[in-house]
Structure formats: C-alpha cells, structure tokens
$ cat structure14.txt   # compact mmCIF, C-alpha atoms
# COMPACT_ATOMS: atom_id res chain seq x y z
CA MET A 1 78.25 193.19 76.04
CA SER A 2 78.48 191.92 79.55
CA ARG A 3 80.98 193.19 82.06
CA GLU A 4 83.17 190.70 83.89
CA PHE A 5 84.39 190.84 87.46
CA SER A 6 86.53 188.76 89.75
CA VAL A 7 86.08 188.20 93.45
CA GLY A 8 88.40 186.17 95.61
CA PHE A 9 91.48 186.21 97.77
CA ASP A 10 95.02 184.91 98.00
CA GLY A 11 97.51 184.37 100.80
CA ILE A 12 94.69 183.97 103.31
CA THR A 13 94.49 181.73 106.36
CA LEU A 14 91.17 179.89 106.22
CA SER A 15 88.85 180.92 109.00
CA GLY A 16 87.43 177.66 110.17
CA THR A 17 88.84 174.33 111.18
CA GLY A 18 85.95 172.56 109.49
CA ALA A 19 83.99 173.06 106.30
CA VAL A 20 84.34 176.55 104.91
CA THR A 21 82.75 178.65 102.19
CA LEU A 22 85.63 180.21 100.29
CA VAL A 23 83.68 182.62 98.12
CA PHE A 24 79.99 183.50 98.24
CA VAL A 25 78.10 185.71 95.79
CA ASN A 26 74.42 186.55 96.08
CA PRO A 27 72.70 188.14 93.07
CA ALA A 28 70.97 191.48 93.54
CA ALA A 29 67.24 192.00 93.22
CA ALA A 30 65.76 192.55 89.78
CA PRO A 31 66.10 194.63 87.63
CA LYS A 32 69.82 194.37 88.38
CA PRO A 33 71.74 192.04 86.05
CA ASN A 34 71.86 188.28 86.24
CA LEU A 35 75.25 186.81 87.12
CA GLU A 36 76.92 184.33 84.79
CA PHE A 37 79.76 182.42 86.43
CA LEU A 38 82.65 181.69 84.12
CA ARG A 39 85.48 180.41 86.27
CA MET A 40 86.25 179.25 89.81
CA TRP A 41 89.51 178.20 91.36
CA VAL A 42 91.10 177.03 94.60
CA SER A 43 94.78 176.61 95.38
CA GLN A 44 97.26 176.87 98.20
CA SER A 45 100.92 177.71 98.48
CA ALA A 46 101.73 176.66 102.04
CA ALA A 47 102.07 172.90 101.92
CA ALA A 48 104.27 170.73 99.74
CA THR A 49 102.56 167.54 100.87
CA SER A 50 100.24 165.72 98.53
CA ALA A 51 96.68 165.46 99.79
CA GLN A 52 93.25 165.12 98.28
CA GLN A 53 90.56 167.68 99.01
CA ARG A 54 86.83 167.80 98.33
CA VAL A 55 85.29 170.90 96.79
CA GLU A 56 81.70 171.80 95.97
CA VAL A 57 79.85 174.52 94.16
CA GLU A 58 76.61 174.97 96.01
CA THR A 59 73.72 177.34 96.42
CA GLN A 60 72.52 178.45 99.83
CA VAL A 61 69.36 180.14 101.04
CA THR A 62 69.16 182.38 104.09
CA ALA A 63 70.64 182.34 106.69
CA PHE A 64 73.78 182.96 104.67
CA PRO A 65 77.40 182.53 105.76
CA THR A 66 79.26 185.16 107.75
CA LEU A 67 81.99 186.40 105.45
CA THR A 68 84.93 188.70 105.05
CA THR A 69 83.86 191.50 102.78
CA ALA A 70 85.38 191.47 99.31
CA THR A 71 84.79 193.90 96.46
CA PRO A 72 84.56 192.53 92.90
CA ARG A 73 87.40 193.74 90.71
CA ALA A 74 86.79 194.58 87.08
CA LEU A 75 88.53 192.23 84.67
CA LYS A 76 88.56 195.09 82.18
CA PRO A 77 90.40 197.82 84.10
CA ALA A 78 89.37 200.43 81.56
CA ASP A 79 85.76 199.80 82.53
CA THR A 80 85.11 202.49 85.12
CA ASN A 81 81.72 201.06 86.10
CA ALA A 82 81.74 199.13 89.34
CA SER A 83 79.96 195.85 89.73
CA PHE A 84 76.36 195.85 90.92
CA ILE A 85 77.59 193.37 93.52
CA VAL A 86 79.26 195.02 96.50
CA GLY A 87 81.30 193.63 99.36
CA GLY A 88 79.39 192.45 102.39
CA THR A 89 79.75 190.27 105.45
CA ALA A 90 76.23 188.83 105.69
CA GLY A 91 75.90 187.22 102.27
CA ALA A 92 72.79 189.29 101.60
CA ALA A 93 71.34 189.90 98.14
CA GLY A 94 73.62 192.01 96.01
CA THR A 95 76.72 191.30 98.07
CA CYS A 96 79.68 188.98 98.04
CA GLY A 97 82.34 187.92 100.49
CA THR A 98 85.04 185.39 101.16
CA ASN A 99 86.46 183.02 103.77
CA ALA A 100 83.38 182.39 105.89
CA SER A 101 83.83 182.34 109.65
CA ALA A 102 80.38 180.78 110.11
CA GLU A 103 78.39 178.83 107.57
CA GLY A 104 74.91 180.05 108.44
CA ALA A 105 71.86 177.86 108.99
CA GLY A 106 70.53 178.12 105.44
CA ALA A 107 70.25 174.91 103.48
CA LYS A 108 72.98 174.27 100.93
CA THR A 109 72.19 172.56 97.65
CA VAL A 110 75.14 171.02 95.87
CA MET A 111 75.28 172.00 92.20
CA PHE A 112 78.35 169.90 91.53
CA GLY A 113 81.22 168.50 93.51
CA ASP A 114 84.73 167.49 92.70
CA ASN A 115 88.03 166.53 94.29
CA PHE A 116 91.52 167.81 93.72
CA ASN A 117 95.07 167.39 94.85
CA VAL A 118 96.14 170.37 96.89
CA LEU A 119 99.47 170.48 95.05
CA ASN A 120 97.69 170.98 91.75
CA GLY A 121 94.77 173.11 92.86
CA TYR A 122 91.30 173.19 91.33
CA LEU A 123 90.15 175.14 88.32
CA TRP A 124 86.65 175.03 86.91
CA VAL A 125 86.00 176.71 83.59
CA ALA A 126 82.71 176.40 81.78
CA THR A 127 82.13 175.66 78.15
CA PRO A 128 79.58 178.09 76.71
CA ARG A 129 76.64 175.86 77.57
CA GLU A 130 77.92 175.00 81.05
CA THR A 131 78.07 178.47 82.57
CA VAL A 132 76.17 178.88 85.82
CA VAL A 133 73.63 181.71 85.70
CA MET A 134 72.22 183.10 88.93
CA PRO A 135 69.24 185.26 88.01
CA ALA A 136 68.61 188.58 89.71
CA GLY A 137 66.24 188.24 92.61
CA LEU A 138 66.99 184.59 93.27
CA ALA A 139 66.60 183.66 96.92
CA SER A 140 69.91 181.77 96.85
CA GLY A 141 73.52 182.78 96.63
CA ILE A 142 76.26 180.65 95.13
CA GLY A 143 79.24 179.45 97.09
CA LEU A 144 82.57 177.79 96.42
CA TYR A 145 82.80 175.47 99.35
CA LEU A 146 85.19 173.03 100.99
CA PRO A 147 82.86 170.49 102.63
CA THR A 148 85.70 169.04 104.65
CA ALA A 149 88.55 170.84 106.32
CA PRO A 150 91.90 170.59 104.53
CA SER A 151 94.21 168.07 106.09
CA ILE A 152 97.13 170.37 105.37
CA ALA A 153 97.96 173.85 106.63
CA LEU A 154 95.16 176.40 106.54
CA THR A 155 97.57 179.18 105.64
CA ASN A 156 98.16 180.75 102.24
CA TRP A 157 95.06 179.62 100.41
CA ALA A 158 93.69 181.33 97.34
CA ALA A 159 90.28 181.05 95.73
CA GLY A 160 88.01 183.06 93.54
CA MET A 161 85.20 183.31 91.03
CA ASN A 162 84.93 185.24 87.81
CA PHE A 163 81.47 186.29 86.71
CA GLY A 164 79.80 188.42 84.12
CA GLU A 165 76.80 190.68 84.61
CA VAL A 166 74.41 189.80 81.83
CA MET B 1 102.62 187.09 98.64
CA THR B 2 104.24 184.67 101.05
CA ALA B 3 107.55 185.27 102.72
CA PHE B 4 110.59 184.38 100.65
CA ASN B 5 112.05 181.02 101.51
CA PHE B 6 115.84 180.87 101.09
CA ASP B 7 115.96 177.25 100.07
CA LYS B 8 117.74 176.65 96.80
CA ASP B 9 115.95 173.35 96.31
CA ILE B 10 112.46 174.80 96.54
CA LEU B 11 110.63 175.24 93.25
CA SER B 12 108.83 178.53 93.27
CA GLY B 13 106.58 180.20 90.73
CA ILE B 14 104.01 182.95 90.58
CA ILE B 15 100.32 182.96 89.70
CA GLY B 16 98.17 186.03 90.15
CA GLY B 17 101.00 187.72 92.00
CA ALA B 18 101.05 184.97 94.63
CA ARG B 19 104.16 182.86 95.16
CA TYR B 20 103.67 179.08 94.89
CA GLU B 21 106.36 176.88 96.40
CA ARG B 22 106.69 173.17 95.72
CA GLN B 23 109.22 170.55 96.76
CA ASN B 24 108.67 168.58 93.57
CA LYS B 25 107.61 169.25 90.05
CA THR B 26 104.07 168.31 89.09
CA GLU B 27 103.37 164.64 88.41
CA ASN B 28 102.97 163.31 84.89
CA ASP B 29 99.72 163.85 83.01
CA VAL B 30 98.36 166.53 85.30
CA GLU B 31 96.10 168.64 83.13
CA ILE B 32 94.82 172.22 83.33
CA PRO B 33 91.84 172.40 83.64
CA PRO B 34 90.77 170.86 86.03
CA ALA B 35 94.10 171.39 87.79
CA PHE B 36 94.91 175.02 88.53
CA ILE B 37 98.68 174.91 88.53
CA ILE B 38 101.52 172.96 86.94
CA THR B 39 104.98 173.37 88.40
CA ASP B 40 107.75 172.43 85.97
CA SER B 41 111.31 171.38 86.78
CA ASP B 42 112.42 175.02 86.69
CA GLY B 43 109.84 175.87 89.32
CA ALA B 44 107.80 177.90 86.86
CA ALA B 45 104.07 177.96 87.59
CA TRP B 46 101.77 177.42 84.62
CA THR B 47 98.07 178.15 84.38
CA ILE B 48 95.53 179.57 81.94
CA GLY B 49 94.54 183.22 81.85
CA THR B 50 91.21 184.92 81.30
CA GLU B 51 91.65 185.90 77.66
CA TYR B 52 89.96 183.47 75.33
CA VAL B 53 88.96 182.66 71.80
CA MET B 54 86.43 180.11 70.67
CA HIS B 55 87.03 177.32 68.17
CA ASN B 56 84.26 174.94 67.20
CA GLY B 57 82.31 175.77 70.33
CA GLU B 58 85.25 175.25 72.69
CA TYR B 59 87.24 177.90 74.48
CA GLU B 60 90.99 178.37 74.21
CA TRP B 61 92.63 180.52 76.86
CA ASN B 62 95.94 182.33 76.96
CA VAL B 63 98.76 180.30 78.48
CA LEU B 64 100.57 181.92 81.41
CA ARG B 65 104.01 181.03 82.76
CA ASN B 66 104.82 182.78 86.04
CA ASP B 67 102.09 185.33 85.23
CA VAL B 68 103.71 186.09 81.88
CA ASP B 69 101.56 185.54 78.78
CA THR B 70 103.37 183.13 76.47
CA GLY B 71 101.41 184.34 73.46
CA GLU B 72 99.82 180.91 73.02
CA MET B 73 96.16 179.95 73.30
CA ALA B 74 95.20 176.46 74.43
CA LYS B 75 92.31 174.28 75.53
CA ARG B 76 94.56 172.24 77.77
CA ILE B 77 97.98 172.42 79.41
CA VAL B 78 99.40 169.01 80.20
CA TYR B 79 102.63 168.07 81.99
CA ARG B 80 103.87 165.02 80.14
CA ARG B 81 107.20 163.29 80.78
CA GLY B 82 108.71 166.46 82.16
CA VAL B 83 107.59 168.67 79.29
CA VAL B 84 104.83 171.26 79.33
CA CYS B 85 102.52 170.53 76.40
CA ILE B 86 99.56 172.55 75.20
CA PHE B 87 96.63 171.45 73.08
CA GLY B 88 94.52 173.69 70.89
CA HIS B 89 92.85 173.82 67.49
CA TYR B 90 96.35 173.49 65.98
CA GLY B 91 97.01 170.17 67.76
CA TRP B 92 99.79 169.62 70.28
CA LYS B 93 102.77 171.89 70.99
CA ARG B 94 105.66 171.34 73.41
CA PHE B 95 107.56 173.94 75.39
CA SER B 96 111.03 174.18 73.91
CA ARG B 97 114.18 173.24 75.77
CA SER B 98 115.34 176.82 75.35
CA ARG B 99 112.37 177.82 77.55
CA ARG B 100 111.45 180.48 75.00
CA HIS B 101 108.58 179.22 72.88
CA PHE B 102 106.28 176.34 71.97
CA ILE B 103 107.06 174.17 68.97
$ encode --input "structure14.txt" --output "structure tokens"
Amino acid sequence: MSREFSVGFDGITLSGTGAVTLVFVNPAAAPKPNLEFLRMWVSQSAAATSAQQRVEVETQVTAFPTLTTATPRALKPADTNASFIVGGTAGAAGTCGTNASAEGAGAKTVMFGDNFNVLNGYLWVATPRETVVMPAGLASGIGLYLPTAPSIALTNWAAGMNFGEV
Amino acid sequence: MTAFNFDKDILSGIIGGARYERQNKTENDVEIPPAFIITDSDGAAWTIGTEYVMHNGEYEWNVLRNDVDTGEMAKRIVYRRGVVCIFGHYGWKRFSRSRRHFI
C-alpha cells in the first residue's frame, strides 16, 4: 500500500509580484518510489473581492525554481516513515518546496490549466485514471503555478499537493 | 491563521486550521470540486477532506464543515439557493435548517 503525504502552505504572502510557482515537487532518482499526485488546491483568505485567476499544473526541467523549503507531512500520522521527498530550496531531484522567489530558466510544460474565482479557490482531485504519476528519475519536477500575478492581495494564500509514493 | 477581525458582519470559517473571511456567502451553484471552499450564510467554510470511498469507479470524500467531519461522503458539494447540498451514490442530500445533519 502506498504512503500519502501532503506538502503546501497556508497564511503565506506570495513571494513574487508576477507569475509564481506555489508548490514544486521533483521525484527522486530510481529506485526511490514514483509519485502519484492525488489532489492540489489553491485558496486565499485575505481578499473579499471577486476576481478570476489563472492556474496551471506544469512540469519544469532544470534550472528549477528557487523555493522555500517545505517538508512533506504524512497524511497517516501513525506512519512513522518519512517521505522519500525532503524539503529543499533548489527544486532538485528528491526535494520539494513552496512559494518560489525565482522561477528558474528551465522550460515549463503545461500539463493542464484552469481558472478559478479567488473567493471560491481551486481544488483539483483526480479520478482513479486521472492521477498524475511522476516516475522516479524523471528529469522534470511538477509545479502548481500561477502564470499571472493575482490582481488581489498577495497575503494569506494557501496551496498544496497531496501525493502518494507508489 | 490570520488575525481576528472584530467585524460582526464578516463571515468567517476554518479550513485546514486557516481562517477564511468573506463579506458575502458563496454564489449559487458553486460546486466543490473544482471550487475549494463554499461559505454559507452562517460563515461556515465547507470543503472535502482526504478520506474517500469509491463507488462505481468514482471517489466520494468526507464532507467537512469548519474542519469538522460531518460524517457524510460525497462526490460533490453544491451551494444551491442558499442551501448546502451534497451528491453521492445515494443521490442528493440537503443540509438541515437545524445545522445538524443532512437529509
């Protein structure tokens, strides 16, 4: 049975004034587990003004974004095993981070994009056949990305990804 | 968690321990997913949790109100004409006026 972890943040002021990678996870080298992404979300609690916002799930090759380190939290607290993914600031293989301060020069490839109202937030959950699997050793990481800066306050944003190690 | 705002007209709820403030309740027919949050007229914040069951190849997740599990599983949460409705393998249910359970 796979083990599930969550990586993200809440109550954070977004780093950039432009496009920003909210969460970035880069699978570790084989033979470490593949990562199966089950859920992603974005929301904010600062602004009460309706506004539309673009969001993308994209992959990115090196050079990766510069991130705030974030450690995956086990969704099963009784599971004492830590994730094979560790917190990191460089987006390197086997690391994850949040709230990029620089996007890095690596090419981004959009997997899918969507739009949401900032009052309602954005939640992506996969049906069993729609889960995103990032195999171990892949040269790309996966990012939850705002391709345009929010037109509302950058304070008190939350975002995250849940993934399983399979 | 954000600082407490002493405004009696602000609707405030909680998801994942974070406080969500809104001036207005959510508009009609907003649906989770793909929305992340529904704010009802009480200010309660609704979303789906991470526990799930599968019916006919589709997931149903636990329904959370202000981070409290309602004991219901649903494929969708919809805000319809001021009432929080959930949809699952059982069909539609509506949140009761007593704010205690779905019927």
$ residues_around --input "structure14.txt" --residues "A:Gly104" --least-positions-apart "2" --cutoff "10 Å" --atoms "all atoms listed in the file" --output "ChimeraX atom specification"
/A:60-67,90-91,100-102,106-108
$ residues_around --input "structure14.txt" --residues "A:Glu56" --least-positions-apart "5" --cutoff "8 Å" --atoms "all atoms listed in the file" --output "list in words"
Val110, Met111, Phe112, Gly113, Asp114, Leu144, Tyr145, Leu146 and Pro147 of chain A
$ closest_atom_pairs --input "structure14.txt" --of "chain A" --to "chain B" --cutoff "9 Å" --atoms "all atoms listed in the file" --output "tab-separated table"
residue	atom	partner	partner_atom	distance
A:Asp10	CA	B:Ala18	CA	6.9
A:Gly11	CA	B:Met1	CA	6.2
A:Arg39	CA	B:Thr50	CA	8.8
A:Trp41	CA	B:Phe36	CA	6.9
A:Val42	CA	B:Phe36	CA	7.4
A:Ser43	CA	B:Phe36	CA	7.0
A:Gln44	CA	B:Tyr20	CA	7.5
A:Ser45	CA	B:Tyr20	CA	4.7
A:Ala46	CA	B:Glu21	CA	7.3
A:Ala47	CA	B:Arg22	CA	7.7
A:Ala48	CA	B:Arg22	CA	5.3
A:Thr49	CA	B:Gln23	CA	8.4
A:Leu75	CA	B:Thr50	CA	8.5
A:Phe116	CA	B:Ala35	CA	7.4
A:Asn117	CA	B:Ala35	CA	8.2
A:Leu119	CA	B:Arg22	CA	7.7
A:Asn120	CA	B:Ile37	CA	5.2
A:Gly121	CA	B:Phe36	CA	4.7
A:Tyr122	CA	B:Ala35	CA	4.9
A:Leu123	CA	B:Phe36	CA	4.8
A:Trp124	CA	B:Pro34	CA	5.9
A:Val125	CA	B:Pro33	CA	7.3
A:Ala126	CA	B:Tyr59	CA	8.7
A:Thr127	CA	B:Glu58	CA	6.3
A:Pro128	CA	B:Gly57	CA	7.3
A:Asn156	CA	B:Thr2	CA	7.3
A:Ala158	CA	B:Ala18	CA	8.6
$ write_last_selection --input "structure14.txt" --atoms "C-alpha atoms" --output "short mmCIF file (atom, residue, chain, number, x, y, z; two decimals), in the frame of the given file"
data_model
loop_
_atom_site.label_atom_id
_atom_site.label_comp_id
_atom_site.auth_asym_id
_atom_site.auth_seq_id
_atom_site.Cartn_x
_atom_site.Cartn_y
_atom_site.Cartn_z
CA ASP A 10 95.02 184.91 98.00
CA GLY A 11 97.51 184.37 100.80
CA ARG A 39 85.48 180.41 86.27
CA TRP A 41 89.51 178.20 91.36
CA VAL A 42 91.10 177.03 94.60
CA SER A 43 94.78 176.61 95.38
CA GLN A 44 97.26 176.87 98.20
CA SER A 45 100.92 177.71 98.48
CA ALA A 46 101.73 176.66 102.04
CA ALA A 47 102.07 172.90 101.92
CA ALA A 48 104.27 170.73 99.74
CA THR A 49 102.56 167.54 100.87
CA LEU A 75 88.53 192.23 84.67
CA PHE A 116 91.52 167.81 93.72
CA ASN A 117 95.07 167.39 94.85
CA LEU A 119 99.47 170.48 95.05
CA ASN A 120 97.69 170.98 91.75
CA GLY A 121 94.77 173.11 92.86
CA TYR A 122 91.30 173.19 91.33
CA LEU A 123 90.15 175.14 88.32
CA TRP A 124 86.65 175.03 86.91
CA VAL A 125 86.00 176.71 83.59
CA ALA A 126 82.71 176.40 81.78
CA THR A 127 82.13 175.66 78.15
CA PRO A 128 79.58 178.09 76.71
CA ASN A 156 98.16 180.75 102.24
CA ALA A 158 93.69 181.33 97.34
#
$ closest_residue --input "structure14.txt" --among "A:Gly160, A:Gly8, A:Gly16, A:Pro72" --to "A:Thr148" --atoms "all atoms listed in the file"
A:Gly16
$ residues_near_point --input "structure14.txt" --point "(77.2, 187.7, 101.3)" --cutoff "8 Å" --atoms "only C-alpha atoms" --output "PyMOL selection string"
chain A and resi 24-26+64-67+69+87-97+141
$ write_last_selection --input "structure14.txt" --atoms "C-alpha atoms" --output "PDB file, in the coordinates of the input"
ATOM      1  CA  PHE A  24      79.990 183.500  98.240  1.00  0.00           C
ATOM      2  CA  VAL A  25      78.100 185.710  95.790  1.00  0.00           C
ATOM      3  CA  ASN A  26      74.420 186.550  96.080  1.00  0.00           C
ATOM      4  CA  PHE A  64      73.780 182.960 104.670  1.00  0.00           C
ATOM      5  CA  PRO A  65      77.400 182.530 105.760  1.00  0.00           C
ATOM      6  CA  THR A  66      79.260 185.160 107.750  1.00  0.00           C
ATOM      7  CA  LEU A  67      81.990 186.400 105.450  1.00  0.00           C
ATOM      8  CA  THR A  69      83.860 191.500 102.780  1.00  0.00           C
ATOM      9  CA  GLY A  87      81.300 193.630  99.360  1.00  0.00           C
ATOM     10  CA  GLY A  88      79.390 192.450 102.390  1.00  0.00           C
ATOM     11  CA  THR A  89      79.750 190.270 105.450  1.00  0.00           C
ATOM     12  CA  ALA A  90      76.230 188.830 105.690  1.00  0.00           C
ATOM     13  CA  GLY A  91      75.900 187.220 102.270  1.00  0.00           C
ATOM     14  CA  ALA A  92      72.790 189.290 101.600  1.00  0.00           C
ATOM     15  CA  ALA A  93      71.340 189.900  98.140  1.00  0.00           C
ATOM     16  CA  GLY A  94      73.620 192.010  96.010  1.00  0.00           C
ATOM     17  CA  THR A  95      76.720 191.300  98.070  1.00  0.00           C
ATOM     18  CA  CYS A  96      79.680 188.980  98.040  1.00  0.00           C
ATOM     19  CA  GLY A  97      82.340 187.920 100.490  1.00  0.00           C
ATOM     20  CA  GLY A 141      73.520 182.780  96.630  1.00  0.00           C
TER      21      GLY A 141
END
$ residues_around --input "structure14.txt" --residues "A:Ala82" --least-positions-apart "6" --cutoff "12 Å" --atoms "only C-alpha atoms" --output "MDAnalysis selection string"
chainID A and resid 3:6 71:76 165
$ atom_distance --input "structure14.txt" --atom1 "atom CA of A:Met161" --atom2 "atom CA of B:Asp29"
25.6 Å
$ closest_residue --input "structure14.txt" --among "A:Val118, A:Leu14, A:Leu38, A:Leu22" --to "A:Val132" --atoms "all atoms listed in the file"
A:Leu38
$ atom_distance --input "structure14.txt" --atom1 "atom CA of B:Ala45" --atom2 "atom CA of A:Glu58"
28.9 Å
$ axis_aligned_box --input "structure14.txt" --around "stretch 71-79 of chain A" --padding-each-side "8 Å" --output "JSON"
{"center_x": 87.5, "center_y": 196.3, "center_z": 89.0, "size_x": 21.8, "size_y": 24.2, "size_z": 30.9}
$ residues_around --input "structure14.txt" --residues "stretch 69-81 of chain B" --least-positions-apart "3" --cutoff "6 Å" --atoms "only C-alpha atoms" --output "PDB file with C-alpha atoms, in the coordinates of the input"
ATOM      1  CA  ASN B  28     102.970 163.310  84.890  1.00  0.00           C
ATOM      2  CA  ASP B  29      99.720 163.850  83.010  1.00  0.00           C
ATOM      3  CA  VAL B  30      98.360 166.530  85.300  1.00  0.00           C
ATOM      4  CA  GLU B  31      96.100 168.640  83.130  1.00  0.00           C
ATOM      5  CA  ILE B  32      94.820 172.220  83.330  1.00  0.00           C
ATOM      6  CA  GLU B  60      90.990 178.370  74.210  1.00  0.00           C
ATOM      7  CA  TRP B  61      92.630 180.520  76.860  1.00  0.00           C
ATOM      8  CA  ASN B  62      95.940 182.330  76.960  1.00  0.00           C
ATOM      9  CA  VAL B  63      98.760 180.300  78.480  1.00  0.00           C
ATOM     10  CA  LEU B  64     100.570 181.920  81.410  1.00  0.00           C
ATOM     11  CA  VAL B  84     104.830 171.260  79.330  1.00  0.00           C
ATOM     12  CA  CYS B  85     102.520 170.530  76.400  1.00  0.00           C
ATOM     13  CA  ILE B  86      99.560 172.550  75.200  1.00  0.00           C
ATOM     14  CA  PHE B  87      96.630 171.450  73.080  1.00  0.00           C
ATOM     15  CA  GLY B  88      94.520 173.690  70.890  1.00  0.00           C
TER      16      GLY B  88
END
$ atom_distance --input "structure14.txt" --atom1 "atom CA of B:Asp40" --atom2 "atom CA of B:Trp92"
17.8 Å
$ decode --input "structure14.txt" --residues "stretch 14-77 of chain A" --atoms "C-alpha atoms" --output "mmCIF file, in the first residue's frame"
data_model
loop_
_atom_site.group_PDB
_atom_site.id
_atom_site.type_symbol
_atom_site.label_atom_id
_atom_site.label_comp_id
_atom_site.auth_asym_id
_atom_site.auth_seq_id
_atom_site.Cartn_x
_atom_site.Cartn_y
_atom_site.Cartn_z
ATOM 1 C CA LEU A 14 3.330 35.199 -2.155
ATOM 2 C CA SER A 15 6.937 35.950 -2.989
ATOM 3 C CA GLY A 16 6.713 37.472 -6.398
ATOM 4 C CA THR A 17 4.692 40.211 -7.982
ATOM 5 C CA GLY A 18 4.421 38.198 -11.183
ATOM 6 C CA ALA A 19 3.924 34.549 -12.021
ATOM 7 C CA VAL A 20 4.766 32.268 -9.145
ATOM 8 C CA THR A 21 5.210 28.550 -8.561
ATOM 9 C CA LEU A 22 3.213 27.775 -5.441
ATOM 10 C CA VAL A 23 4.356 24.208 -4.867
ATOM 11 C CA PHE A 24 7.081 22.253 -6.654
ATOM 12 C CA VAL A 25 7.921 18.578 -6.188
ATOM 13 C CA ASN A 26 10.716 16.787 -8.001
ATOM 14 C CA PRO A 27 10.778 12.973 -7.870
ATOM 15 C CA ALA A 28 13.882 11.260 -6.533
ATOM 16 C CA ALA A 29 16.170 9.080 -8.596
ATOM 17 C CA ALA A 30 15.271 5.436 -9.081
ATOM 18 C CA PRO A 31 14.909 3.080 -7.248
ATOM 19 C CA LYS A 32 13.020 5.505 -4.997
ATOM 20 C CA PRO A 33 9.230 5.418 -5.419
ATOM 21 C CA ASN A 34 7.243 7.072 -8.162
ATOM 22 C CA LEU A 35 4.981 9.906 -7.038
ATOM 23 C CA GLU A 36 1.259 9.767 -7.730
ATOM 24 C CA PHE A 37 -0.465 13.126 -7.326
ATOM 25 C CA LEU A 38 -3.949 12.899 -5.906
ATOM 26 C CA ARG A 39 -5.019 16.421 -5.040
ATOM 27 C CA MET A 40 -3.963 20.049 -5.488
ATOM 28 C CA TRP A 41 -5.524 23.203 -4.153
ATOM 29 C CA VAL A 42 -5.150 26.980 -4.058
ATOM 30 C CA SER A 43 -7.072 29.467 -1.955
ATOM 31 C CA GLN A 44 -6.702 32.775 -0.189
ATOM 32 C CA SER A 45 -8.235 34.368 2.855
ATOM 33 C CA ALA A 46 -7.142 37.991 2.517
ATOM 34 C CA ALA A 47 -9.445 39.487 -0.073
ATOM 35 C CA ALA A 48 -13.225 39.606 -0.191
ATOM 36 C CA THR A 49 -13.259 40.929 -3.738
ATOM 37 C CA SER A 50 -14.282 38.683 -6.580
ATOM 38 C CA ALA A 51 -11.566 38.146 -9.163
ATOM 39 C CA GLN A 52 -10.634 35.480 -11.654
ATOM 40 C CA GLN A 53 -7.231 33.829 -11.528
ATOM 41 C CA ARG A 54 -5.374 31.513 -13.895
ATOM 42 C CA VAL A 55 -3.714 28.385 -12.550
ATOM 43 C CA GLU A 56 -1.610 25.717 -14.229
ATOM 44 C CA VAL A 57 -0.134 22.375 -13.379
ATOM 45 C CA GLU A 58 3.130 22.178 -15.224
ATOM 46 C CA THR A 59 6.360 20.261 -15.375
ATOM 47 C CA GLN A 60 9.715 22.004 -15.418
ATOM 48 C CA VAL A 61 13.212 20.853 -16.274
ATOM 49 C CA THR A 62 16.372 22.342 -14.800
ATOM 50 C CA ALA A 63 17.040 25.121 -13.921
ATOM 51 C CA PHE A 64 14.315 24.728 -11.329
ATOM 52 C CA PRO A 65 12.604 27.440 -9.275
ATOM 53 C CA THR A 66 14.120 28.887 -6.127
ATOM 54 C CA LEU A 67 11.804 27.835 -3.338
ATOM 55 C CA THR A 68 11.066 27.999 0.344
ATOM 56 C CA THR A 69 11.852 24.613 1.788
ATOM 57 C CA ALA A 70 8.852 22.551 2.857
ATOM 58 C CA THR A 71 8.799 19.079 4.360
ATOM 59 C CA PRO A 72 6.058 16.651 3.263
ATOM 60 C CA ARG A 73 3.718 15.753 6.106
ATOM 61 C CA ALA A 74 2.353 12.251 6.420
ATOM 62 C CA LEU A 75 -1.393 12.029 5.872
ATOM 63 C CA LYS A 76 -1.357 8.954 8.100
ATOM 64 C CA PRO A 77 0.182 10.299 11.314
#
